[in-house]
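Containing TSV, C-alpha atoms and all ligand atoms: target-v1.tsv.
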chain	number	residue	atom	x	y	z
A	292	MET	CA	-15.25	-19.16	75.75
A	293	SER	CA	-18.22	-19.15	73.51
A	294	ALA	CA	-19.46	-22.39	72.06
A	295	GLY	CA	-21.71	-20.80	69.50
A	296	PRO	CA	-25.32	-21.72	70.06
A	297	TYR	CA	-24.26	-24.58	72.34
A	298	ASN	CA	-24.02	-24.42	76.07
A	299	TYR	CA	-21.62	-27.34	76.36
A	300	SER	CA	-18.14	-27.97	75.11
A	301	TYR	CA	-18.11	-31.76	74.75
A	302	ILE	CA	-20.47	-34.51	73.74
A	303	PHE	CA	-19.92	-37.99	75.15
A	304	LYS	CA	-21.75	-40.97	73.75
A	305	TYR	CA	-22.86	-43.68	76.20
A	306	ILE	CA	-24.54	-47.01	75.75
A	307	ILE	CA	-26.44	-48.97	78.40
A	308	ILE	CA	-26.38	-52.73	77.99
A	309	GLY	CA	-27.38	-55.87	79.87
A	310	ASP	CA	-30.16	-58.48	80.04
A	311	MET	CA	-33.80	-57.56	79.68
A	312	GLY	CA	-35.47	-56.39	82.88
A	313	VAL	CA	-32.36	-55.47	84.85
A	314	GLY	CA	-33.47	-51.83	84.98
A	315	LYS	CA	-31.54	-50.14	82.17
A	316	SER	CA	-34.39	-47.88	81.11
A	317	CYS	CA	-35.23	-47.03	84.71
A	318	LEU	CA	-31.61	-46.04	85.31
A	319	LEU	CA	-31.74	-43.79	82.25
A	320	HIS	CA	-34.96	-42.12	83.38
A	321	GLN	CA	-33.71	-41.75	86.93
A	322	PHE	CA	-30.63	-40.04	85.59
A	323	THR	CA	-32.28	-37.79	83.00
A	324	GLU	CA	-35.54	-36.99	84.81
A	325	LYS	CA	-34.81	-37.87	88.41
A	326	LYS	CA	-37.83	-40.10	88.68
A	327	PHE	CA	-38.54	-43.80	88.92
A	328	MET	CA	-40.89	-45.32	86.39
A	329	SER	CA	-42.34	-48.32	88.16
A	330	ASP	CA	-44.04	-49.74	85.11
A	331	CYS	CA	-41.59	-48.93	82.40
A	332	PRO	CA	-42.68	-50.56	79.11
A	333	HIS	CA	-40.26	-52.88	77.33
A	334	THR	CA	-37.86	-50.83	75.27
A	335	ILE	CA	-38.30	-51.04	71.52
A	336	GLY	CA	-34.89	-51.42	69.93
A	337	VAL	CA	-33.02	-48.49	71.36
A	338	GLU	CA	-34.13	-45.59	73.53
A	339	PHE	CA	-32.36	-42.28	73.65
A	340	GLY	CA	-31.78	-39.83	76.47
A	341	THR	CA	-29.62	-36.82	77.11
A	342	ARG	CA	-28.43	-34.62	79.95
A	343	ILE	CA	-25.83	-31.93	80.37
A	344	ILE	CA	-23.41	-32.40	83.23
A	345	GLU	CA	-20.31	-30.66	84.45
A	346	VAL	CA	-16.87	-32.14	84.91
A	347	ALA	CA	-13.89	-30.06	85.96
A	348	GLY	CA	-15.78	-26.89	85.08
A	349	GLN	CA	-16.56	-28.13	81.58
A	350	LYS	CA	-20.12	-28.62	80.41
A	351	ILE	CA	-20.57	-32.00	78.80
A	352	LYS	CA	-23.60	-33.28	76.98
A	353	LEU	CA	-24.21	-36.97	77.49
A	354	GLN	CA	-25.98	-38.75	74.66
A	355	ILE	CA	-27.21	-42.01	76.05
A	356	TRP	CA	-28.39	-44.99	74.00
A	357	ASP	CA	-30.36	-47.44	76.10
A	358	THR	CA	-30.56	-50.76	74.29
A	359	ALA	CA	-33.32	-53.35	74.53
A	360	GLY	CA	-32.04	-56.55	76.09
A	361	GLN	CA	-34.41	-58.80	74.17
A	362	GLU	CA	-32.84	-61.30	71.86
A	363	ARG	CA	-34.76	-60.16	68.78
A	364	PHE	CA	-33.14	-56.74	69.00
A	365	ARG	CA	-29.70	-57.85	69.94
A	366	ALA	CA	-28.11	-58.19	66.50
A	367	VAL	CA	-28.96	-54.67	65.39
A	368	THR	CA	-28.41	-52.98	68.77
A	369	ARG	CA	-24.75	-53.95	68.35
A	370	SER	CA	-24.52	-51.32	65.63
A	371	TYR	CA	-25.01	-48.68	68.33
A	372	TYR	CA	-21.95	-49.77	70.31
A	373	ARG	CA	-19.56	-48.29	67.83
A	374	GLY	CA	-18.14	-45.01	68.94
A	375	ALA	CA	-19.35	-45.23	72.52
A	376	ALA	CA	-17.07	-43.39	74.91
A	377	GLY	CA	-18.79	-44.99	77.89
A	378	ALA	CA	-20.64	-48.27	78.38
A	379	LEU	CA	-22.81	-48.92	81.42
A	380	MET	CA	-23.16	-52.67	81.79
A	381	VAL	CA	-26.03	-53.56	84.08
A	382	TYR	CA	-27.11	-56.71	85.94
A	383	ASP	CA	-29.81	-57.26	88.56
A	384	ILE	CA	-28.48	-58.22	92.00
A	385	THR	CA	-31.65	-60.27	92.61
A	386	ARG	CA	-31.28	-62.40	89.47
A	387	ARG	CA	-28.16	-64.47	89.20
A	388	SER	CA	-28.69	-65.30	85.52
A	389	THR	CA	-28.28	-61.63	84.62
A	390	TYR	CA	-24.91	-61.67	86.38
A	391	ASN	CA	-23.84	-64.88	84.69
A	392	HIS	CA	-24.42	-63.30	81.28
A	393	LEU	CA	-22.02	-60.44	81.97
A	394	SER	CA	-19.04	-62.06	80.29
A	395	SER	CA	-20.95	-62.30	77.04
A	396	TRP	CA	-21.99	-58.63	77.28
A	397	LEU	CA	-18.42	-57.72	78.07
A	398	THR	CA	-17.05	-59.65	75.10
A	399	ASP	CA	-19.48	-57.87	72.81
A	400	THR	CA	-18.52	-54.51	74.23
A	401	ARG	CA	-14.80	-55.11	73.96
A	402	ASN	CA	-15.15	-56.34	70.38
A	403	LEU	CA	-17.28	-53.46	69.23
A	404	THR	CA	-15.87	-50.43	71.04
A	405	ASN	CA	-12.45	-48.81	71.42
A	406	PRO	CA	-9.74	-49.69	73.89
A	407	SER	CA	-10.37	-46.27	75.44
A	408	THR	CA	-14.08	-46.94	76.05
A	409	VAL	CA	-14.84	-46.71	79.75
A	410	ILE	CA	-16.90	-49.66	80.97
A	411	PHE	CA	-18.82	-49.23	84.20
A	412	LEU	CA	-20.51	-52.23	85.85
A	413	ILE	CA	-23.75	-51.52	87.71
A	414	GLY	CA	-25.41	-54.01	90.05
A	415	ASN	CA	-28.93	-52.58	89.99
A	416	LYS	CA	-31.90	-53.00	92.36
A	417	CYS	CA	-29.75	-52.79	95.49
A	418	ASP	CA	-32.88	-51.60	97.31
A	419	LEU	CA	-34.03	-55.24	97.22
A	420	GLU	CA	-31.47	-56.45	99.75
A	421	GLY	CA	-33.75	-59.25	100.95
A	422	GLN	CA	-33.81	-60.83	97.51
A	423	ARG	CA	-30.11	-60.53	96.85
A	424	ASP	CA	-28.76	-63.33	94.68
A	425	VAL	CA	-25.29	-61.94	93.87
A	426	THR	CA	-22.91	-60.76	96.58
A	427	TYR	CA	-21.15	-57.43	96.40
A	428	GLU	CA	-17.78	-59.10	96.87
A	429	GLU	CA	-17.96	-61.48	93.92
A	430	ALA	CA	-19.16	-58.74	91.58
A	431	LYS	CA	-16.40	-56.46	92.82
A	432	GLN	CA	-13.88	-59.17	92.12
A	433	PHE	CA	-15.27	-59.71	88.62
A	434	ALA	CA	-15.01	-55.96	88.01
A	435	ASP	CA	-11.43	-55.79	89.27
A	436	GLU	CA	-10.33	-58.77	87.23
A	437	ASN	CA	-11.72	-57.14	84.11
A	438	GLY	CA	-10.63	-53.61	84.83
A	439	LEU	CA	-14.16	-52.23	85.17
A	440	MET	CA	-15.44	-49.60	87.50
A	441	PHE	CA	-18.21	-50.92	89.69
A	442	VAL	CA	-21.02	-49.79	91.92
A	443	GLU	CA	-24.28	-51.20	93.26
A	444	ALA	CA	-27.17	-48.86	92.57
A	445	SER	CA	-30.92	-48.50	92.65
A	446	ALA	CA	-32.92	-46.87	89.89
A	447	LYS	CA	-35.79	-46.90	92.37
A	448	THR	CA	-34.24	-44.92	95.22
A	449	GLY	CA	-31.71	-43.17	93.01
A	450	GLN	CA	-28.82	-44.46	95.10
A	451	ASN	CA	-25.50	-44.26	93.22
A	452	VAL	CA	-27.19	-43.54	89.89
A	453	GLU	CA	-25.66	-40.09	89.49
A	454	GLU	CA	-22.34	-41.46	90.65
A	455	ALA	CA	-22.23	-44.14	87.95
A	456	PHE	CA	-22.99	-41.75	85.07
A	457	LEU	CA	-20.75	-38.98	86.41
A	458	GLU	CA	-17.83	-41.21	87.36
A	459	THR	CA	-17.86	-42.59	83.81
A	460	ALA	CA	-17.73	-39.06	82.42
A	461	ARG	CA	-14.86	-38.11	84.73
A	462	LYS	CA	-12.89	-41.14	83.60
A	463	ILE	CA	-13.49	-40.26	79.94
A	464	TYR	CA	-12.53	-36.67	80.55
A	465	GLN	CA	-9.37	-37.84	82.25
A	466	SER	CA	-8.50	-39.98	79.22
A	467	ILE	CA	-8.84	-36.91	77.04
A	468	GLN	CA	-6.56	-34.92	79.34
A	469	ASP	CA	-3.99	-37.73	79.39
A	470	GLY	CA	-4.12	-38.00	75.63
A	471	ARG	CA	-5.20	-41.65	75.83
A	472	LEU	CA	-8.38	-40.78	73.99
A	473	ASP	CA	-7.80	-39.28	70.59
A	474	LEU	CA	-10.43	-36.63	69.96
A	475	ASN	CA	-9.82	-36.79	66.24
A	476	ALA	CA	-10.41	-40.50	65.93
A	477	ALA	CA	-13.67	-41.03	64.10
A	478	GLU	CA	-15.08	-43.39	66.66
A	479	SER	CA	-13.84	-42.03	69.95
A	480	GLY	CA	-17.41	-41.29	71.03
A	481	VAL	CA	-16.40	-37.78	71.99
A	482	GLN	CA	-17.01	-34.53	70.15
A	483	HIS	CA	-15.33	-31.34	71.18
A	484	LYS	CA	-17.14	-28.02	70.79
A	485	PRO	CA	-19.53	-29.02	68.07
A	486	SER	CA	-19.31	-26.85	64.99
A	487	GLN	CA	-22.15	-24.67	63.79
A	488	PRO	CA	-25.33	-26.58	63.23
A	489	GLY	CA	-24.74	-27.16	59.55
A	490	ARG	CA	-27.05	-29.95	58.57
A	491	ASN	CA	-24.92	-32.39	56.73
A	492	THR	CA	-26.40	-35.68	57.82
A	493	LEU	CA	-29.51	-36.51	55.86
A	494	SER	CA	-32.09	-34.36	54.19
A	495	ASN	CA	-30.82	-33.31	50.87
A	496	ASP	CA	-33.88	-34.31	48.96
A	497	GLN	CA	-37.32	-33.07	49.87
A	498	GLN	CA	-36.06	-29.81	51.21
A	499	PHE	CA	-36.73	-27.77	48.14
A	500	ASN	CA	-39.98	-29.04	46.74
A	501	LYS	CA	-42.09	-28.02	49.70
A	502	ASP	CA	-42.81	-24.36	49.29
A	503	ASN	CA	-43.47	-23.96	45.63
A	504	CYS	CA	-47.23	-24.46	45.49
A	505	ALA	CA	-48.12	-21.05	46.95
A	506	CYS	CA	-51.79	-21.07	46.11
B	169	MET	CA	-24.28	-39.04	66.85
B	170	ASP	CA	-27.28	-36.98	67.59
B	171	ASP	CA	-30.71	-38.40	68.30
B	172	VAL	CA	-33.10	-41.06	67.01
B	173	LEU	CA	-33.89	-38.99	63.94
B	174	THR	CA	-30.35	-38.11	62.94
B	175	GLU	CA	-28.02	-40.95	63.97
B	176	THR	CA	-27.06	-43.17	61.06
B	177	VAL	CA	-26.30	-46.84	60.68
B	178	PRO	CA	-22.69	-47.76	59.87
B	179	ALA	CA	-22.50	-48.79	56.20
B	180	GLU	CA	-20.99	-52.24	56.96
B	181	GLU	CA	-23.85	-53.00	59.35
B	182	LEU	CA	-26.43	-52.14	56.73
B	183	LYS	CA	-24.59	-54.36	54.25
B	184	LYS	CA	-24.46	-57.24	56.67
B	185	PHE	CA	-28.21	-57.27	57.28
B	186	GLU	CA	-28.94	-56.64	53.63
B	187	LYS	CA	-26.94	-59.72	52.70
B	188	ALA	CA	-28.74	-61.89	55.24
B	189	TYR	CA	-32.11	-60.67	53.97
B	190	HIS	CA	-31.21	-61.26	50.35
B	191	GLU	CA	-29.98	-64.76	51.05
B	192	GLN	CA	-33.35	-65.60	52.53
B	193	LEU	CA	-35.15	-63.83	49.74
B	194	TYR	CA	-33.26	-65.93	47.21
B	195	LYS	CA	-34.47	-69.09	48.94
B	196	GLN	CA	-37.94	-67.56	49.13
B	197	ASP	CA	-37.95	-68.04	52.86
B	198	VAL	CA	-37.71	-64.63	54.49
B	199	THR	CA	-38.16	-64.66	58.27
B	200	PRO	CA	-39.77	-61.66	59.98
B	201	LYS	CA	-36.57	-61.35	62.02
B	202	ALA	CA	-34.29	-60.92	59.01
B	203	GLN	CA	-36.72	-58.55	57.33
B	204	PHE	CA	-37.08	-56.46	60.48
B	205	GLU	CA	-33.34	-56.26	61.09
B	206	TYR	CA	-32.75	-55.13	57.53
B	207	ALA	CA	-35.63	-52.64	57.63
B	208	TRP	CA	-34.45	-51.24	60.96
B	209	CYS	CA	-31.02	-50.56	59.44
B	210	LEU	CA	-32.55	-49.11	56.27
B	211	VAL	CA	-34.60	-46.50	58.10
B	212	ARG	CA	-31.39	-45.36	59.80
B	213	SER	CA	-29.58	-44.86	56.50
B	214	LYS	CA	-28.47	-41.43	55.36
B	215	TYR	CA	-30.05	-42.06	51.96
B	216	PRO	CA	-33.77	-41.32	51.60
B	217	ALA	CA	-34.13	-44.12	49.04
B	218	ASP	CA	-32.98	-46.64	51.66
B	219	ILE	CA	-35.36	-45.19	54.22
B	220	LYS	CA	-38.25	-45.51	51.79
B	221	LYS	CA	-37.37	-49.12	51.17
B	222	GLY	CA	-37.22	-49.71	54.93
B	223	ILE	CA	-40.68	-48.18	55.31
B	224	PHE	CA	-42.00	-50.48	52.60
B	225	LEU	CA	-40.58	-53.56	54.33
B	226	LEU	CA	-41.96	-52.46	57.69
B	227	GLN	CA	-45.42	-51.89	56.23
B	228	GLU	CA	-45.33	-55.37	54.81
B	229	LEU	CA	-44.31	-56.79	58.18
B	230	PHE	CA	-47.03	-54.81	59.90
B	231	ARG	CA	-49.65	-56.45	57.70
B	232	THR	CA	-48.30	-59.98	57.94
B	233	HIS	CA	-46.68	-60.43	61.35
B	234	GLU	CA	-48.91	-59.47	64.23
B	235	GLU	CA	-46.47	-60.31	66.98
B	236	GLY	CA	-44.06	-57.48	66.22
B	237	GLN	CA	-46.55	-54.74	65.36
B	238	ARG	CA	-45.48	-52.53	68.22
B	239	ASP	CA	-41.90	-52.53	66.94
B	240	TYR	CA	-42.99	-51.94	63.36
B	241	LEU	CA	-45.16	-48.94	64.25
B	242	TYR	CA	-42.32	-47.36	66.16
B	243	TYR	CA	-39.84	-47.68	63.32
B	244	LEU	CA	-42.44	-46.64	60.74
B	245	ALA	CA	-42.77	-43.41	62.69
B	246	ILE	CA	-39.01	-42.94	62.77
B	247	GLY	CA	-38.56	-43.74	59.08
B	248	ASN	CA	-41.26	-41.31	58.00
B	249	ALA	CA	-39.96	-38.56	60.25
B	250	ARG	CA	-36.48	-38.98	58.84
B	251	ILE	CA	-37.69	-38.29	55.33
B	252	LYS	CA	-39.76	-35.38	56.62
B	253	GLN	CA	-43.10	-37.06	56.17
B	254	TYR	CA	-44.09	-35.70	59.53
B	255	THR	CA	-47.83	-36.05	59.22
B	256	GLU	CA	-47.39	-39.69	58.36
B	257	ALA	CA	-44.90	-40.15	61.19
B	258	LEU	CA	-47.26	-38.62	63.73
B	259	LYS	CA	-50.04	-40.86	62.46
B	260	TYR	CA	-47.98	-43.90	63.44
B	261	VAL	CA	-47.15	-42.35	66.80
B	262	ARG	CA	-50.89	-41.81	67.41
B	263	SER	CA	-51.75	-45.36	66.41
B	264	PHE	CA	-49.15	-46.65	68.81
B	265	LEU	CA	-50.40	-44.49	71.67
B	266	ASN	CA	-53.97	-45.58	71.00
B	267	ILE	CA	-52.87	-49.13	71.72
B	268	GLU	CA	-50.41	-48.31	74.47
B	269	PRO	CA	-51.14	-44.89	75.98
B	270	GLY	CA	-48.42	-43.33	78.07
B	271	ASN	CA	-45.51	-45.26	76.54
B	272	SER	CA	-42.66	-42.94	77.47
B	273	GLN	CA	-40.38	-43.98	74.63
B	274	VAL	CA	-43.03	-43.19	72.04
B	275	ILE	CA	-44.03	-39.95	73.75
B	276	ALA	CA	-40.37	-38.95	73.65
B	277	LEU	CA	-40.30	-39.72	69.94
B	278	GLU	CA	-43.39	-37.57	69.41
B	279	THR	CA	-41.66	-34.71	71.22
B	280	THR	CA	-38.54	-35.13	69.10
B	281	ILE	CA	-40.56	-35.11	65.89
B	282	LYS	CA	-42.50	-32.01	66.91
B	283	ALA	CA	-39.33	-30.22	67.95
B	284	LYS	CA	-37.86	-30.96	64.55
B	285	MET	CA	-40.97	-29.68	62.79
B	286	ASP	CA	-40.89	-26.62	64.95
B	287	LYS	CA	-37.34	-25.96	63.92
B	288	GLU	CA	-38.32	-26.29	60.30
B	289	GLY	CA	-41.31	-24.03	60.76
B	290	LEU	CA	-43.86	-26.72	60.09
B	291	MET	CA	-45.67	-26.63	63.39
B	292	GLY	CA	-48.69	-24.77	62.02
B	293	MET	CA	-49.19	-27.56	59.54
B	294	ALA	CA	-49.04	-30.11	62.33
B	295	VAL	CA	-51.77	-28.37	64.28
B	296	ALA	CA	-53.96	-28.27	61.23
B	297	GLY	CA	-53.07	-31.89	60.64
B	298	GLY	CA	-53.93	-32.77	64.24
B	299	VAL	CA	-57.65	-32.44	63.62
B	300	VAL	CA	-57.40	-34.74	60.67
B	301	LEU	CA	-55.24	-37.08	62.69
B	302	ALA	CA	-57.92	-37.53	65.28
B	303	ILE	CA	-60.35	-38.56	62.57
B	304	GLY	CA	-57.73	-40.75	60.97
B	305	ALA	CA	-57.10	-42.50	64.27
B	306	ALA	CA	-60.78	-43.25	64.64
B	307	VAL	CA	-60.96	-44.74	61.19
B	308	GLY	CA	-57.83	-46.77	61.64
B	309	LEU	CA	-54.47	-47.30	60.08
B	310	GLY	CA	-53.38	-47.28	56.50
B	311	ILE	CA	-55.95	-44.77	55.33
B	312	SER	CA	-54.99	-42.00	53.01
B	313	ILE	CA	-57.53	-39.54	54.36
B	314	LEU	CA	-54.66	-37.16	55.09
B	315	ASN	CA	-53.59	-36.95	51.51
B	316	LYS	CA	-57.07	-36.25	50.22
B	317	LYS	CA	-57.59	-33.53	52.75
B	318	SER	CA	-54.54	-31.55	51.77
C	601	LIG	N1	-37.01	-52.57	93.13
C	601	LIG	C1	-36.45	-52.10	92.00
C	601	LIG	N2	-37.04	-52.33	90.81
C	601	LIG	C2	-36.47	-51.84	89.68
C	601	LIG	C3	-35.26	-51.09	89.74
C	601	LIG	N3	-34.93	-50.75	88.49
C	601	LIG	C4	-35.88	-51.24	87.67
C	601	LIG	N4	-36.81	-51.92	88.40
C	601	LIG	C5	-37.97	-52.64	87.86
C	601	LIG	O1	-37.49	-53.66	87.00
C	601	LIG	C6	-38.32	-53.78	85.85
C	601	LIG	C7	-37.52	-53.66	84.57
C	601	LIG	O2	-36.99	-52.37	84.45
C	601	LIG	P1	-36.56	-51.76	83.02
C	601	LIG	O3	-35.89	-50.46	83.29
C	601	LIG	O4	-37.70	-51.77	82.08
C	601	LIG	O5	-35.48	-52.87	82.56
C	601	LIG	P2	-34.68	-52.95	81.17
C	601	LIG	O6	-35.33	-54.03	80.38
C	601	LIG	O7	-33.29	-53.32	81.56
C	601	LIG	O8	-34.78	-51.62	80.52
C	601	LIG	C8	-39.41	-52.73	85.97
C	601	LIG	O9	-40.56	-53.31	86.45
C	601	LIG	C9	-38.85	-51.75	86.98
C	601	LIG	O10	-39.86	-51.14	87.71
C	601	LIG	C10	-34.66	-50.86	91.03
C	601	LIG	O11	-33.62	-50.24	91.18
C	601	LIG	N5	-35.31	-51.39	92.13
C	602	MG	MG	-35.41	-51.03	78.65
Just dump the structure as structure tokens.
Amino acid sequence: MSAGPYNYSYIFKYIIIGDMGVGKSCLLHQFTEKKFMSDCPHTIGVEFGTRIIEVAGQKIKLQIWDTAGQERFRAVTRSYYRGAAGALMVYDITRRSTYNHLSSWLTDTRNLTNPSTVIFLIGNKCDLEGQRDVTYEEAKQFADENGLMFVEASAKTGQNVEEAFLETARKIYQSIQDGRLDLNAAESGVQHKPSQPGRNTLSNDQQFNKDNCAC
Amino acid sequence: MDDVLTETVPAEELKKFEKAYHEQLYKQDVTPKAQFEYAWCLVRSKYPADIKKGIFLLQELFRTHEEGQRDYLYYLAIGNARIKQYTEALKYVRSFLNIEPGNSQVIALETTIKAKMDKEGLMGMAVAGGVVLAIGAAVGLGISILNKKS
């Protein structure tokens, strides 16, 4: 059962999408560091986070791409959707406009990911009950109609944050078990037992002209 | 699919933004948006020549378009780190953190760059470079003090 130098046997790629300010980056930080960043700066382009979890006794490394919701980044952030095994689609329960934009986020996601991509809808900021602008029921109905998993969460208190990330992973893992997700497909967003760390991505130039001055 | 320094842009995406940029270039009316989108894709290419071109376009934007400077600094750091110009990359990280200390995304990038240097056994050089960096930061951006020193 050795995975070489790795202490996990799968990698799942996630993306987090949704309007600016709904709390995507705070959800990421709550999940990866278990803390709430009250004055999180606006994300530049795409932020990256990672955490190793366990599903059915298997260690899984989540690679999470948190996208900036701002319009000027939107065109290029789409290039990160490809090959996502999981997509967390976030709105803010205190801002109706962020809920109204969900169908456009969903269309993008469906167009740019695989049929097997698990989409999880998160109604964030549920700690702000007094300012609620979107009911649980209507969001639940939207989720059901579109075949999404759904939960209300709070990046501030941590409520349901773990659940959303872990539930998504369980669903992906299940798809692998059922054979619905083809591990060999180039863009499944899942890697099984990564091979030895052979560096085959970039870096073929430069490598060799570094050490030959020796004076 | 790895991290900000190793993930690569899909070839069709790069082509798409390249085309848009070139169309504007042909009309001699390049918007900062088109140039940034193209440059952002270029610095995520697997080819160092593309990355260098992306860095060039970002430097040009940095000089001419004040509004997006924060974004340009961030991707200048990434581009340089991806072609192993770590000292240069860390210089951009420093400049960013001088303007916006404590930015977690940029601090995370700094950590990623240093971890990569560490892995490649370049950390000693970074420490030596750190002293120079501090001076460089005081003098400001775009200064080749680092090159002279080494
Ligand atoms: N009360 C409350 N505020 C939150 C929550 N999540 C994020 N915020 C705040 O909402 C703002 C935007 O969060 P951020 O994560 O940067 O949003 P992003 O643009 O979607 O990444 C920040 O000021 C956060 O402090 C939450 O669950 N509850
Ligand atoms: Mg953000």
Subject >> Nearest to chain B, chosen from A:Ser445, A:Gln432, A:Ser479, A:Gln450, with all atoms listed in the file counted in the distances >> reply: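 Selected residue with least distance to chain B: A:Ser479.
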Original post:
Quick one: distance from CA of Ile351 (chain A) to CA of Met440 (chain A) in Å, one decimal?
Top reply: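 Interatomic distance, CA of Ile351 (chain A) to CA of Met440 (chain A): 20.3 Å.
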Original post:
What residues have any atom no more than 6 Å from ligand LIG 601 (chain C) when counting only C-alpha atoms and all ligand atoms, and can you list them as a VMD selection string?
Top reply: chain A and resid 311 to 317 329 to 333 360 415 to 416 418 to 419 445 to 447
Subject >> Distance filter 8 Å, all atoms listed in the file, chain B against chain A, as number ranges by chain >> reply: B: 169-172, 174, 177-178, 181, 201, 205, 208-209, 214-216, 239, 242, 250-252, 271-273
**OP:** Figure out the distance between CA of Glu234 (chain B) and CA of Trp396 (chain A), please, to one decimal in Å.
**Re:** 29.9 Å
**OP:** Name the residues in contact with Ala376 (chain A) at a cut-off of 10 Å, using all atoms listed in the file, excluding same-chain residues fewer than 2 positions from it; report them as a PyMOL selection string.
**Re:** chain A and resi 302-306+353+372-374+378+404-410+459-460+462-464+472+478-481
